[in-house]
file final_10.cif (mmCIF, C-alpha atoms)
data_my_file
#
loop_
_atom_site.group_PDB
_atom_site.id
_atom_site.type_symbol
_atom_site.label_atom_id
_atom_site.label_comp_id
_atom_site.auth_asym_id
_atom_site.auth_seq_id
_atom_site.Cartn_x
_atom_site.Cartn_y
_atom_site.Cartn_z
ATOM 1 C CA MET A 1 0.000 0.000 0.000
ATOM 2 C CA THR A 2 1.548 3.279 -1.028
ATOM 3 C CA VAL A 3 1.166 6.617 0.666
ATOM 4 C CA ASP A 4 -1.766 8.146 -1.122
ATOM 5 C CA GLY A 5 -4.040 11.163 -0.861
ATOM 6 C CA LEU A 6 -5.986 9.641 2.026
ATOM 7 C CA ASP A 7 -2.861 9.130 4.121
ATOM 8 C CA THR A 8 -1.766 12.696 3.475
ATOM 9 C CA LEU A 9 -5.214 14.097 4.268
ATOM 10 C CA ILE A 10 -5.453 12.227 7.573
ATOM 11 C CA ARG A 11 -1.883 12.928 8.647
ATOM 12 C CA ASP A 12 -2.337 16.632 7.906
ATOM 13 C CA ALA A 13 -5.657 16.816 9.729
ATOM 14 C CA PHE A 14 -4.426 14.849 12.756
ATOM 15 C CA PRO A 15 -0.773 15.738 13.258
ATOM 16 C CA ALA A 16 1.023 13.904 16.064
ATOM 17 C CA THR A 17 0.448 15.954 19.174
ATOM 18 C CA ASP A 18 2.814 16.257 22.064
ATOM 19 C CA ILE A 19 1.336 15.119 25.317
ATOM 20 C CA ARG A 20 2.058 17.713 27.952
ATOM 21 C CA HIS A 21 3.494 16.877 31.339
ATOM 22 C CA ASP A 22 0.516 18.447 33.105
ATOM 23 C CA GLN A 23 -1.850 16.133 31.195
ATOM 24 C CA VAL A 24 0.114 13.103 32.319
ATOM 25 C CA GLN A 25 0.093 14.320 35.906
ATOM 26 C CA ARG A 26 -3.635 15.059 35.751
ATOM 27 C CA VAL A 27 -4.458 11.568 34.481
ATOM 28 C CA MET A 28 -2.384 9.856 37.166
ATOM 29 C CA ALA A 29 -3.723 12.073 39.931
ATOM 30 C CA GLY A 30 -7.254 11.402 38.651
ATOM 31 C CA VAL A 31 -6.706 7.644 38.749
ATOM 32 C CA PHE A 32 -5.431 7.739 42.334
ATOM 33 C CA ALA A 33 -8.234 10.072 43.392
ATOM 34 C CA ARG A 34 -10.784 7.663 41.953
ATOM 35 C CA LEU A 35 -9.099 4.741 43.693
ATOM 36 C CA ASP A 36 -9.344 6.559 47.007
ATOM 37 C CA GLN A 37 -12.991 7.464 46.594
ATOM 38 C CA PRO A 38 -15.212 5.627 49.079
ATOM 39 C CA GLN A 39 -17.348 2.992 47.418
ATOM 40 C CA PRO A 40 -20.985 4.101 47.094
ATOM 41 C CA GLN A 41 -23.188 2.579 49.789
ATOM 42 C CA VAL A 42 -26.244 0.693 48.539
ATOM 43 C CA PRO A 43 -29.339 1.629 50.595
ATOM 44 C CA LEU A 44 -30.619 -1.279 52.699
ATOM 45 C CA THR A 45 -34.177 -2.160 51.742
ATOM 46 C CA PHE A 46 -36.269 -4.765 53.582
ATOM 47 C CA TRP A 47 -35.492 -7.501 51.032
ATOM 48 C CA ARG A 48 -31.816 -6.639 51.019
ATOM 49 C CA ARG A 49 -31.755 -6.862 54.829
ATOM 50 C CA LEU A 50 -33.530 -10.223 54.689
ATOM 51 C CA ALA A 51 -31.075 -11.538 52.106
ATOM 52 C CA GLN A 52 -28.180 -10.316 54.230
ATOM 53 C CA LEU A 53 -29.606 -12.033 57.329
ATOM 54 C CA ALA A 54 -30.101 -15.279 55.404
ATOM 55 C CA SER A 55 -26.562 -15.153 54.090
ATOM 56 C CA ASP A 56 -25.259 -14.490 57.626
ATOM 57 C CA LEU A 57 -27.113 -17.538 58.924
ATOM 58 C CA THR A 58 -26.025 -19.835 56.118
ATOM 59 C CA PRO A 59 -22.574 -21.288 56.744
ATOM 60 C CA THR A 60 -20.093 -21.124 53.919
ATOM 61 C CA PRO A 61 -19.052 -24.410 52.209
ATOM 62 C CA GLN A 62 -15.622 -24.151 53.838
ATOM 63 C CA MET A 63 -17.187 -23.829 57.275
ATOM 64 C CA LEU A 64 -19.478 -26.774 56.577
ATOM 65 C CA VAL A 65 -16.498 -28.921 55.624
ATOM 66 C CA ARG A 66 -14.600 -27.805 58.743
ATOM 67 C CA GLN A 67 -17.554 -28.570 61.000
ATOM 68 C CA ALA A 68 -18.230 -31.966 59.413
ATOM 69 C CA MET A 69 -14.594 -33.049 59.532
ATOM 70 C CA LEU A 70 -14.529 -34.205 63.199
ATOM 71 C CA PRO A 71 -17.742 -36.315 63.208
ATOM 72 C CA VAL A 72 -16.781 -37.920 59.881
ATOM 73 C CA ALA A 73 -13.299 -38.756 61.173
ATOM 74 C CA LEU A 74 -14.717 -40.216 64.419
ATOM 75 C CA GLY A 75 -17.244 -42.287 62.459
ATOM 76 C CA LEU A 76 -14.501 -43.584 60.196
ATOM 77 C CA ALA A 77 -12.257 -44.544 63.134
ATOM 78 C CA LEU A 78 -15.123 -46.324 64.869
ATOM 79 C CA GLY A 79 -15.982 -48.198 61.665
ATOM 80 C CA ILE A 80 -12.401 -49.344 61.226
ATOM 81 C CA TYR A 81 -12.167 -50.435 64.868
ATOM 82 C CA LEU A 82 -15.416 -52.398 64.737
ATOM 83 C CA GLY A 83 -14.447 -53.934 61.420
ATOM 84 C CA HIS A 84 -11.274 -55.373 62.909
ATOM 85 C CA MET A 85 -12.756 -56.531 66.211
ATOM 86 C CA PRO A 86 -12.551 -60.393 66.751
ATOM 87 C CA GLU A 87 -15.901 -62.007 66.123
ATOM 88 C CA ASP A 88 -17.667 -63.632 69.046
ATOM 89 C CA THR A 89 -18.437 -66.949 67.310
ATOM 90 C CA ALA A 90 -19.695 -70.142 68.837
ATOM 91 C CA PRO A 91 -17.255 -73.061 69.117
ATOM 92 C CA GLN A 92 -17.445 -75.565 66.236
ATOM 93 C CA ASP A 93 -18.604 -78.507 68.335
ATOM 94 C CA GLU A 94 -21.471 -76.497 69.795
ATOM 95 C CA LEU A 95 -22.509 -75.566 66.272
ATOM 96 C CA MET A 96 -22.432 -79.207 65.175
ATOM 97 C CA ALA A 97 -24.356 -80.174 68.236
ATOM 98 C CA SER A 98 -27.006 -77.691 67.530
ATOM 99 C CA LEU A 99 -27.335 -78.901 63.942
ATOM 100 C CA SER A 100 -27.768 -82.463 65.078
ATOM 101 C CA ASP A 101 -30.247 -81.452 67.748
ATOM 102 C CA PRO A 102 -33.492 -83.439 67.523
ATOM 103 C CA MET A 103 -35.371 -80.143 67.475
ATOM 104 C CA MET A 104 -33.544 -79.111 64.327
ATOM 105 C CA THR A 105 -33.962 -82.396 62.552
ATOM 106 C CA ALA A 106 -37.632 -82.734 63.430
ATOM 107 C CA GLY A 107 -39.678 -83.289 60.371
ATOM 108 C CA TYR A 108 -36.852 -84.705 58.264
ATOM 109 C CA MET B 1 13.923 7.637 36.543
ATOM 110 C CA ASN B 2 14.218 4.446 34.470
ATOM 111 C CA ASP B 3 12.795 1.367 36.085
ATOM 112 C CA SER B 4 14.342 -1.889 34.898
ATOM 113 C CA ARG B 5 11.381 -3.981 35.992
ATOM 114 C CA ASP B 6 9.232 -5.233 33.130
ATOM 115 C CA ASP B 7 5.491 -4.672 32.837
ATOM 116 C CA ASP B 8 4.658 -8.141 34.110
ATOM 117 C CA GLU B 9 6.665 -7.623 37.283
ATOM 118 C CA LEU B 10 5.028 -4.262 37.842
ATOM 119 C CA LEU B 11 1.611 -5.824 37.289
ATOM 120 C CA GLU B 12 2.312 -8.508 39.873
ATOM 121 C CA LEU B 13 3.203 -5.816 42.379
ATOM 122 C CA THR B 14 0.154 -3.795 41.359
ATOM 123 C CA ALA B 15 -2.011 -6.852 41.962
ATOM 124 C CA ALA B 16 -0.583 -6.957 45.498
ATOM 125 C CA GLY B 17 -1.642 -3.332 46.000
ATOM 126 C CA ASP B 18 1.724 -1.646 45.367
ATOM 127 C CA ARG B 19 0.855 1.885 44.276
ATOM 128 C CA ASP B 20 4.419 2.824 43.379
ATOM 129 C CA ALA B 21 4.580 -0.044 40.892
ATOM 130 C CA PHE B 22 1.218 1.021 39.506
ATOM 131 C CA GLN B 23 2.437 4.576 39.125
ATOM 132 C CA THR B 24 5.550 3.378 37.269
ATOM 133 C CA LEU B 25 3.343 1.342 34.970
ATOM 134 C CA MET B 26 1.172 4.369 34.283
ATOM 135 C CA GLU B 27 4.158 6.639 33.680
ATOM 136 C CA ARG B 28 5.429 4.141 31.136
ATOM 137 C CA HIS B 29 2.233 3.938 29.070
ATOM 138 C CA VAL B 30 0.165 7.019 29.728
ATOM 139 C CA LYS B 31 1.604 9.138 26.908
ATOM 140 C CA SER B 32 0.978 6.654 24.103
ATOM 141 C CA MET B 33 -2.528 5.957 25.413
ATOM 142 C CA LEU B 34 -3.313 9.657 25.655
ATOM 143 C CA MET B 35 -2.012 10.207 22.145
ATOM 144 C CA LEU B 36 -4.345 7.573 20.723
ATOM 145 C CA ALA B 37 -7.349 8.660 22.802
ATOM 146 C CA GLN B 38 -6.837 12.337 22.047
ATOM 147 C CA ARG B 39 -6.620 11.869 18.307
ATOM 148 C CA VAL B 40 -9.627 9.566 18.239
ATOM 149 C CA SER B 41 -11.838 11.602 20.549
ATOM 150 C CA GLY B 42 -10.627 14.987 19.291
ATOM 151 C CA ASN B 43 -10.915 16.274 22.821
ATOM 152 C CA SER B 44 -8.301 16.226 25.564
ATOM 153 C CA ASP B 45 -10.839 16.055 28.415
ATOM 154 C CA ASP B 46 -12.465 12.957 26.969
ATOM 155 C CA ALA B 47 -9.059 11.464 26.245
ATOM 156 C CA GLU B 48 -7.949 11.947 29.858
ATOM 157 C CA GLU B 49 -11.139 10.369 31.167
ATOM 158 C CA LEU B 50 -10.811 7.414 28.790
ATOM 159 C CA VAL B 51 -7.226 6.784 29.831
ATOM 160 C CA GLN B 52 -8.144 7.080 33.517
ATOM 161 C CA ASP B 53 -10.873 4.474 33.003
ATOM 162 C CA ALA B 54 -8.372 2.193 31.281
ATOM 163 C CA PHE B 55 -5.872 2.459 34.149
ATOM 164 C CA LEU B 56 -8.572 1.853 36.740
ATOM 165 C CA LYS B 57 -9.336 -1.324 34.824
ATOM 166 C CA VAL B 58 -5.643 -2.226 35.034
ATOM 167 C CA TRP B 59 -5.775 -1.816 38.817
ATOM 168 C CA THR B 60 -8.838 -4.045 39.183
ATOM 169 C CA GLN B 61 -7.770 -6.639 36.605
ATOM 170 C CA ALA B 62 -4.114 -6.874 37.656
ATOM 171 C CA PRO B 63 -4.652 -9.948 39.900
ATOM 172 C CA LYS B 64 -6.041 -11.821 36.890
ATOM 173 C CA TRP B 65 -3.102 -10.994 34.628
ATOM 174 C CA ARG B 66 -1.207 -14.118 33.543
ATOM 175 C CA ARG B 67 2.532 -13.596 33.301
ATOM 176 C CA ASP B 68 2.932 -16.448 30.830
ATOM 177 C CA GLY B 69 0.081 -15.224 28.642
ATOM 178 C CA ALA B 70 0.784 -14.666 24.965
ATOM 179 C CA ALA B 71 -0.304 -11.018 24.894
ATOM 180 C CA LEU B 72 1.832 -8.093 25.952
ATOM 181 C CA PHE B 73 0.440 -5.800 28.609
ATOM 182 C CA SER B 74 0.689 -2.825 26.226
ATOM 183 C CA THR B 75 -1.351 -4.720 23.609
ATOM 184 C CA TRP B 76 -4.089 -5.363 26.142
ATOM 185 C CA LEU B 77 -3.996 -1.743 27.293
ATOM 186 C CA TYR B 78 -4.296 -0.483 23.700
ATOM 187 C CA ARG B 79 -7.314 -2.736 23.301
ATOM 188 C CA VAL B 80 -8.967 -1.319 26.428
ATOM 189 C CA VAL B 81 -8.362 2.284 25.345
ATOM 190 C CA LEU B 82 -9.434 1.617 21.769
ATOM 191 C CA ASN B 83 -12.664 -0.077 22.886
ATOM 192 C CA GLY B 84 -13.333 2.843 25.206
ATOM 193 C CA CYS B 85 -12.823 5.236 22.288
ATOM 194 C CA LEU B 86 -15.113 3.216 20.027
ATOM 195 C CA ASP B 87 -17.829 3.072 22.695
ATOM 196 C CA ARG B 88 -17.603 6.776 23.281
ATOM 197 C CA ARG B 89 -17.562 7.594 19.599
ATOM 198 C CA ARG B 90 -20.954 5.949 19.235
ATOM 199 C CA ARG B 91 -22.222 9.005 21.129
ATOM 200 C CA PRO B 92 -22.053 12.374 19.358
ATOM 201 C CA VAL B 93 -19.473 14.049 21.563
ATOM 202 C CA TRP B 94 -16.958 15.326 19.046
ATOM 203 C CA THR B 95 -16.816 19.071 19.482
ATOM 204 C CA GLY B 96 -14.432 19.902 16.687
ATOM 205 C CA LEU B 97 -16.995 21.814 14.639
ATOM 206 C CA ASP B 98 -17.813 24.222 17.488
ATOM 207 C CA GLU B 99 -14.133 24.832 18.060
ATOM 208 C CA ALA B 100 -13.672 25.420 14.327
ATOM 209 C CA ALA B 101 -16.361 28.086 14.302
ATOM 210 C CA GLU B 102 -14.731 29.895 17.217
ATOM 211 C CA LEU B 103 -11.383 29.969 15.492
ATOM 212 C CA ALA B 104 -12.513 32.134 12.585
ATOM 213 C CA ASP B 105 -10.426 35.141 13.518
ATOM 214 C CA THR B 106 -7.794 37.131 11.694
ATOM 215 C CA ALA B 107 -4.704 35.786 13.460
ATOM 216 C CA PRO B 108 -1.906 34.497 11.237
ATOM 217 C CA GLY B 109 -2.448 30.837 10.440
ATOM 218 C CA ALA B 110 -6.069 30.999 11.563
ATOM 219 C CA THR B 111 -7.415 30.086 8.133
ATOM 220 C CA GLN B 112 -5.127 27.084 7.906
ATOM 221 C CA HIS B 113 -6.107 26.024 11.405
ATOM 222 C CA LEU B 114 -9.772 26.371 10.544
ATOM 223 C CA ALA B 115 -9.330 24.260 7.393
ATOM 224 C CA GLN B 116 -7.551 21.613 9.471
ATOM 225 C CA GLN B 117 -10.388 21.560 12.011
ATOM 226 C CA GLN B 118 -12.963 21.210 9.260
ATOM 227 C CA SER B 119 -11.001 18.353 7.712
ATOM 228 C CA ARG B 120 -10.921 16.630 11.091
ATOM 229 C CA VAL B 121 -14.654 16.927 11.556
ATOM 230 C CA MET B 122 -15.297 15.626 8.066
ATOM 231 C CA ILE B 123 -12.939 12.671 8.489
ATOM 232 C CA GLN B 124 -14.430 11.805 11.890
ATOM 233 C CA GLU B 125 -17.943 11.946 10.457
ATOM 234 C CA ALA B 126 -16.903 9.701 7.576
ATOM 235 C CA LEU B 127 -15.160 7.313 9.995
ATOM 236 C CA ALA B 128 -18.297 7.143 12.125
ATOM 237 C CA ILE B 129 -20.182 5.613 9.210
ATOM 238 C CA ILE B 130 -17.852 2.742 8.366
ATOM 239 C CA PRO B 131 -18.027 -0.604 10.256
ATOM 240 C CA ASP B 132 -16.495 -0.758 13.753
ATOM 241 C CA ARG B 133 -13.738 -3.263 12.909
ATOM 242 C CA GLN B 134 -12.558 -1.261 9.914
ATOM 243 C CA ARG B 135 -12.677 1.923 11.954
ATOM 244 C CA ALA B 136 -10.656 0.301 14.745
ATOM 245 C CA ALA B 137 -8.018 -0.815 12.230
ATOM 246 C CA LEU B 138 -7.819 2.690 10.787
ATOM 247 C CA TYR B 139 -7.537 4.278 14.252
ATOM 248 C CA LEU B 140 -4.619 2.025 15.107
ATOM 249 C CA HIS B 141 -2.991 2.566 11.733
ATOM 250 C CA TYR B 142 -3.236 6.347 11.718
ATOM 251 C CA PHE B 143 -3.488 7.397 15.369
ATOM 252 C CA SER B 144 -1.235 5.047 17.316
ATOM 253 C CA GLU B 145 2.467 4.377 17.220
ATOM 254 C CA ILE B 146 2.301 0.607 17.247
ATOM 255 C CA SER B 147 3.556 -1.754 14.571
ATOM 256 C CA ALA B 148 1.249 -3.645 12.219
ATOM 257 C CA PRO B 149 1.798 -7.008 14.009
ATOM 258 C CA GLN B 150 0.984 -5.421 17.376
ATOM 259 C CA ALA B 151 -2.073 -3.702 15.895
ATOM 260 C CA ALA B 152 -3.195 -7.104 14.628
ATOM 261 C CA GLN B 153 -2.761 -8.487 18.151
ATOM 262 C CA VAL B 154 -4.819 -5.629 19.590
ATOM 263 C CA LEU B 155 -7.665 -6.605 17.268
ATOM 264 C CA ASP B 156 -6.985 -10.288 17.911
ATOM 265 C CA ILE B 157 -6.515 -11.133 14.235
ATOM 266 C CA SER B 158 -3.640 -12.254 12.008
ATOM 267 C CA VAL B 159 -1.385 -9.768 10.219
ATOM 268 C CA PRO B 160 -2.814 -10.611 6.751
ATOM 269 C CA ALA B 161 -6.337 -10.197 8.154
ATOM 270 C CA MET B 162 -5.304 -6.833 9.588
ATOM 271 C CA GLU B 163 -3.967 -5.738 6.208
ATOM 272 C CA ALA B 164 -7.181 -6.835 4.493
ATOM 273 C CA LEU B 165 -9.226 -4.962 7.089
ATOM 274 C CA LEU B 166 -7.153 -1.841 6.519
ATOM 275 C CA ILE B 167 -7.624 -2.013 2.764
ATOM 276 C CA ARG B 168 -11.385 -2.401 3.147
ATOM 277 C CA GLY B 169 -11.466 0.394 5.725
ATOM 278 C CA LYS B 170 -9.484 2.789 3.537
ATOM 279 C CA ARG B 171 -11.695 2.009 0.578
ATOM 280 C CA ALA B 172 -14.854 2.652 2.604
ATOM 281 C CA LEU B 173 -13.424 5.855 4.062
ATOM 282 C CA LYS B 174 -12.397 7.147 0.639
ATOM 283 C CA LYS B 175 -15.867 6.423 -0.700
ATOM 284 C CA GLU B 176 -17.418 8.383 2.169
ATOM 285 C CA LEU B 177 -15.032 11.303 1.749
ATOM 286 C CA ILE B 178 -15.601 11.464 -2.007
ATOM 287 C CA ARG B 179 -19.350 11.489 -1.330
ATOM 288 C CA ARG B 180 -18.685 14.555 0.836
ATOM 289 C CA GLY B 181 -16.882 16.306 -1.981
ATOM 290 C CA VAL B 182 -13.243 15.543 -1.178
ATOM 291 C CA THR B 183 -11.142 15.009 -4.252
ATOM 292 C CA ASP B 184 -7.516 14.062 -4.878
ATOM 293 C CA LEU B 185 -7.500 10.984 -2.646
ATOM 294 C CA GLY B 186 -5.592 8.817 -5.071
ATOM 295 C CA ASP B 187 -6.939 5.605 -6.557
ATOM 296 C CA MET B 188 -9.527 3.469 -4.814
ATOM 297 C CA LEU B 189 -6.905 0.907 -3.736
#

call {"tool": "encode", "arguments": {"input": "final_10.cif", "output": "structure tokens"}}
result
Amino acid sequence: MTVDGLDTLIRDAFPATDIRHDQVQRVMAGVFARLDQPQPQVPLTFWRRLAQLASDLTPTPQMLVRQAMLPVALGLALGIYLGHMPEDTAPQDELMASLSDPMMTAGY
Amino acid sequence: MNDSRDDDELLELTAAGDRDAFQTLMERHVKSMLMLAQRVSGNSDDAEELVQDAFLKVWTQAPKWRRDGAALFSTWLYRVVLNGCLDRRRRPVWTGLDEAAELADTAPGATQHLAQQQSRVMIQEALAIIPDRQRAALYLHYFSEISAPQAAQVLDISVPAMEALLIRGKRALKKELIRRGVTDLGDML
């Protein structure tokens, strides 16, 4: 693309302007002033208050996890302990005796 | 004072609330952003406000900036300022014509200045009619100091696509200007 009439027209109409030091300072001061501005307060309506109360009463997911951690851990430990406990089984001969009991074989 | 820290380092510090780093970042880029905004908006007050908005966005978005991201910070900042300019230009705020009328005095160079102002208004009006993407490409081409590859990055397109967009934009702008009575614009590309 060669420099043509359009390029010349635009470059003549919009010459490169020097940005003054005071402009730079004004922009930066403006940015910091806007950063320091207090955030606008939203007026509290009835529904907003209610929503705020509900959110205060509802625990956050992190808190729920923290609160559930101890009971879950205790339950797990108890389950493991009970799972490994020796079974209270009847001696073999007693079992055989009971199977050969006339009461059990009645009807056969 | 020259600061050897790169933009990414300064952004990390800005994200942590370091105002000195933020100020250094602003000092580094404010001139080029003002230059673009001022030439697009035709008004230094609007340009200052646009650039302030862009830097406030930098402050709030700094924690989300990815150091390993493909884009340069300056590319992203150009995009923010350019989008701000395009949004604002959808509203009729350009005051060049009023200023031009006030300048009709007898001071030396006043006639030339007036002609320049009128040209500006006419070009801005013609630019306002062409599609946004073409206008954005023309703004970056004529009003910023960035290279063609960086301009393509600002618009998130490839360099050939940027060149094609520029050609279409120039053609549309020429057509509009000719319709307004401007002659001697060269061929229609």

call {"tool": "resolve_selection", "arguments": {"input": "final_10.cif", "expression": "the PyMOL selection byres ((chain B) within 8 of (chain A))", "output": "NGL selection string"}}
result
:B and (23 or 26-27 or 30-31 or 34-35 or 39 or 48-49 or 51-53 or 55-56 or 116-117 or 119-120 or 123 or 142-143 or 170 or 174 or 184-187 or 189)

call {"tool": "closest_atom_pairs", "arguments": {"input": "final_10.cif", "of": "segment 149-179 of chain B", "to": "segment 71-88 of chain B", "cutoff": "7 Å", "atoms": "only C-alpha atoms", "output": "CSV"}}
result
residue,atom,partner,partner_atom,distance
B:Gln150,CA,B:Thr75,CA,6.7
B:Gln153,CA,B:Thr75,CA,6.8
B:Val154,CA,B:Arg79,CA,5.3

call {"tool": "atom_distance", "arguments": {"input": "final_10.cif", "atom1": "atom CA of Met122 of chain B", "atom2": "atom CA of Leu165 of chain B"}}
result
21.5 Å

call {"tool": "atom_distance", "arguments": {"input": "final_10.cif", "atom1": "atom CA of Trp59 of chain B", "atom2": "atom CA of Tyr139 of chain B"}}
result
25.4 Å

call {"tool": "atom_distance", "arguments": {"input": "final_10.cif", "atom1": "atom CA of Pro86 of chain A", "atom2": "atom CA of Val72 of chain A"}}
result
23.9 Å

call {"tool": "residues_around", "arguments": {"input": "final_10.cif", "residues": "Ser144 of chain B", "least_positions_apart": "3", "cutoff": "7 Å", "atoms": "all atoms listed in the file", "output": "ChimeraX atom specification"}}
result
/B:36,140-141

call {"tool": "resolve_selection", "arguments": {"input": "final_10.cif", "expression": "the PyMOL selection byres ((chain B and resi 3-12) around 10)", "output": "VMD selection string"}}
result
chain B and resid 1 to 2 13 to 25 28 to 29 58 to 59 61 to 68 72 to 74

call {"tool": "residues_around", "arguments": {"input": "final_10.cif", "residues": "Gln134 of chain B", "least_positions_apart": "4", "cutoff": "9 Å", "atoms": "only C-alpha atoms", "output": "mmCIF file with C-alpha atoms, in the coordinates of the input"}}
result
data_model
loop_
_atom_site.group_PDB
_atom_site.id
_atom_site.type_symbol
_atom_site.label_atom_id
_atom_site.label_comp_id
_atom_site.auth_asym_id
_atom_site.auth_seq_id
_atom_site.Cartn_x
_atom_site.Cartn_y
_atom_site.Cartn_z
ATOM 1 C CA LEU B 127 -15.160 7.313 9.995
ATOM 2 C CA ILE B 130 -17.852 2.742 8.366
ATOM 3 C CA LEU B 138 -7.819 2.690 10.787
ATOM 4 C CA TYR B 139 -7.537 4.278 14.252
ATOM 5 C CA LEU B 165 -9.226 -4.962 7.089
ATOM 6 C CA LEU B 166 -7.153 -1.841 6.519
ATOM 7 C CA ILE B 167 -7.624 -2.013 2.764
ATOM 8 C CA ARG B 168 -11.385 -2.401 3.147
ATOM 9 C CA GLY B 169 -11.466 0.394 5.725
ATOM 10 C CA LYS B 170 -9.484 2.789 3.537
ATOM 11 C CA ALA B 172 -14.854 2.652 2.604
#
